[in-house]
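Have a look at the structure below, then the notes.
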Amino acid sequence: MRAIWTGAITFGLVNVPVKVYSATEDHDVPLHQVHDADGGRIRYQRRCEIDGKVIPYEHIVKAYDDGERTVILTAEDMASLPSERSREIDVVEFVPNDQLDPLMFDRSYYLEPDSKSLKAYALLRKTLEDEERTAIVEFALRQKTRLGALRVRGNVLVLQALLWHDEIRAAEFPALDQTPRISDRELQLSSALMESFAGDFEPEKFSDEYQDELRKLIDAKLEQGESVDTAATFGEEEEKKGGGEVIDLMEALQRSVDRSRSSKSAADRKPAEKKPAEKKPAARKTAAKKSAKKPA
């Protein structure tokens, strides 16, 4: 894993240096959009609705629309706001573990102790366990001030990002104001049914059926040769357009690399023009196949 942030847990005069890692990852098969007729990749342009021009990133700023008026926020405006200036995970209070509503839970992060602060890290972890408490913290990450919960999971401290109070919707449903009458017999039968499904939660028993079937489908199409040359899906590089706009730099670089690879492949095939080369496509299919398979 690669650390996404480096800082320190602080409470009182205690300072515990840590590295922050994402505790979760997406297992979905990465897909992109293409033209159904020829497999060409679909590109979206940042086009201004007033003058119709494609706008480069350096001339794009944020704005707020209240329904009638739009407030444009310049780079200077955004820079004036509180940002990720502090590299501290500041403990503001310790609360009982059962007071946290899981509905508030957002992203989770592992905290790795610095080799020089292992004792302080272990002390905080042990204290949280013994007191059965969770540390409520404030921190800044990716230009946002965040609320979080510092808790213990096994032998590691986990920083659980929390939603702010006003981000939780109230469940205001008229039907919930009614109280249906439930008989003792109905309750007994419901309890018996629940008991028949009772067991310990073992997350490894469950799998994402949709993603599993999607991987099988992709692998089957690769095996049957139902694929196209990836380099060919990028098409030709766009020429400069009227007004001096050019395509996005990253896209231009990517297309240049792909065209260079295509040219090299064509040069390698030229001596054997009468016999179609099979090594290149086979290598491409194998690579694509590997990427579609579920990580171990």
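Residues are named by chain letter and number: chains run A, B, ... in the order of the structure tokens, numbers start at 1 in each chain, and ligands are numbered from 1 in the order shown.
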
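Residue-level DSSP output for stretch 171-211 of chain A, from the backbone, shows alpha helix (DSSP H) at Asp184, Arg185, Glu186, Leu187, Gln188, Leu189, Ser190, Ser191, Ala192, Leu193, Met194, Glu195, Ser196, Glu209, Tyr210 and Gln211 of chain A.
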
Find the spatial neighbours of A:Arg146, counting only C-alpha atoms, within a cut-off of 9 Å - ignore same-chain residues fewer than 3 positions away - and output them as a JSON list (two decimals) with C-alpha atoms, in the first residue's frame.
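What ended up in around_27.json:
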```json
[["chain", "number", "residue", "atom", "x", "y", "z"],
["A", 137, "VAL", "CA", -11.10, 13.86, 15.82],
["A", 138, "GLU", "CA", -10.90, 16.70, 13.33],
["A", 139, "PHE", "CA", -8.53, 16.62, 10.36],
["A", 140, "ALA", "CA", -8.07, 18.02, 6.86],
["A", 141, "LEU", "CA", -7.76, 15.83, 3.78],
["A", 161, "ALA", "CA", -14.18, 9.54, 8.38],
["A", 162, "LEU", "CA", -17.63, 10.66, 9.56],
["A", 163, "LEU", "CA", -20.38, 12.55, 7.82],
["A", 164, "TRP", "CA", -21.28, 15.88, 9.37]]
```

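For the atom pair formed by atom CA of A:Thr230 and atom CA of A:His32, the distance is 12.0 Å, given to one decimal.
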
| message | So that I can check the surroundings of A:Val18, please list as JSON, numbers by chain every protein, DNA and RNA residue that reaches within 12 Å of it, counting only C-alpha atoms and ignoring chain neighbours fewer than 4 positions away. | response | {"A": [3, 4, 5, 6, 7, 8, 9, 10, 87, 88, 89, 109, 110, 111, 112, 113, 114, 115, 116, 117, 118, 120, 121, 156, 157, 158, 159]}

| field | From A:Ser108, A:Ser190, A:Gln99, A:Asn155, residue lying nearest A:Thr134 [only C-alpha atoms] | value | A:Gln99

| said: Considering only strand (DSSP E or B) as DSSP defines it on the backbone, what residues of stretch 39-239 of chain A qualify? List them as a ChimeraX atom specification. | reply: /A:41,47,54,62-65,70-73,88-96,105-113,133-141,144-153,156-162

Dump as a short mmCIF file (atom, residue, chain, number, x, y, z; two decimals), in the first residue's frame, selection limited to C-alpha atoms:
```
data_model
loop_
_atom_site.label_atom_id
_atom_site.label_comp_id
_atom_site.auth_asym_id
_atom_site.auth_seq_id
_atom_site.Cartn_x
_atom_site.Cartn_y
_atom_site.Cartn_z
CA ARG A 41 -13.36 5.52 -27.43
CA ARG A 47 -16.93 23.05 -23.83
CA VAL A 54 -13.17 23.85 -25.61
CA LYS A 62 -15.83 26.67 -9.67
CA ALA A 63 -19.23 28.34 -9.31
CA TYR A 64 -22.37 28.10 -7.17
CA ASP A 65 -25.89 28.23 -8.64
CA THR A 70 -24.52 32.06 -10.25
CA VAL A 71 -21.58 33.07 -8.07
CA ILE A 72 -18.19 32.53 -9.72
CA LEU A 73 -15.44 31.50 -7.30
CA GLU A 88 -2.67 16.93 12.53
CA ILE A 89 -5.43 14.51 13.49
CA ASP A 90 -6.68 16.53 16.44
CA VAL A 91 -8.50 14.60 19.18
CA VAL A 92 -11.36 16.73 20.55
CA GLU A 93 -13.05 14.18 22.84
CA PHE A 94 -13.33 10.50 23.79
CA VAL A 95 -16.81 8.96 23.67
CA PRO A 96 -18.28 5.51 24.48
CA PHE A 105 -19.51 6.25 8.75
CA ASP A 106 -17.75 7.30 5.54
CA ARG A 107 -14.31 6.22 4.22
CA SER A 108 -11.92 4.23 6.42
CA TYR A 109 -8.15 4.67 6.74
CA TYR A 110 -5.42 2.65 8.43
CA LEU A 111 -2.90 4.54 10.55
CA GLU A 112 0.66 3.19 10.53
CA PRO A 113 2.88 4.30 13.42
CA ARG A 133 -13.97 4.51 23.95
CA THR A 134 -13.58 6.07 20.51
CA ALA A 135 -11.66 9.28 19.86
CA ILE A 136 -13.59 11.95 17.96
CA VAL A 137 -11.10 13.86 15.82
CA GLU A 138 -10.90 16.70 13.33
CA PHE A 139 -8.53 16.62 10.36
CA ALA A 140 -8.07 18.02 6.86
CA LEU A 141 -7.76 15.83 3.78
CA LYS A 144 -11.74 19.43 3.04
CA THR A 145 -12.03 19.71 6.80
CA ARG A 146 -13.32 16.40 8.12
CA LEU A 147 -14.81 14.90 11.25
CA GLY A 148 -13.55 11.45 12.15
CA ALA A 149 -13.55 8.62 14.67
CA LEU A 150 -10.33 7.01 15.82
CA ARG A 151 -10.98 3.40 16.82
CA VAL A 152 -9.16 0.10 17.26
CA ARG A 153 -9.40 -2.80 14.79
CA VAL A 156 -4.19 -1.19 14.16
CA LEU A 157 -5.75 2.22 14.70
CA VAL A 158 -8.43 3.07 12.15
CA LEU A 159 -9.42 6.59 11.21
CA GLN A 160 -13.08 6.44 10.26
CA ALA A 161 -14.18 9.54 8.38
CA LEU A 162 -17.63 10.66 9.56
#
```
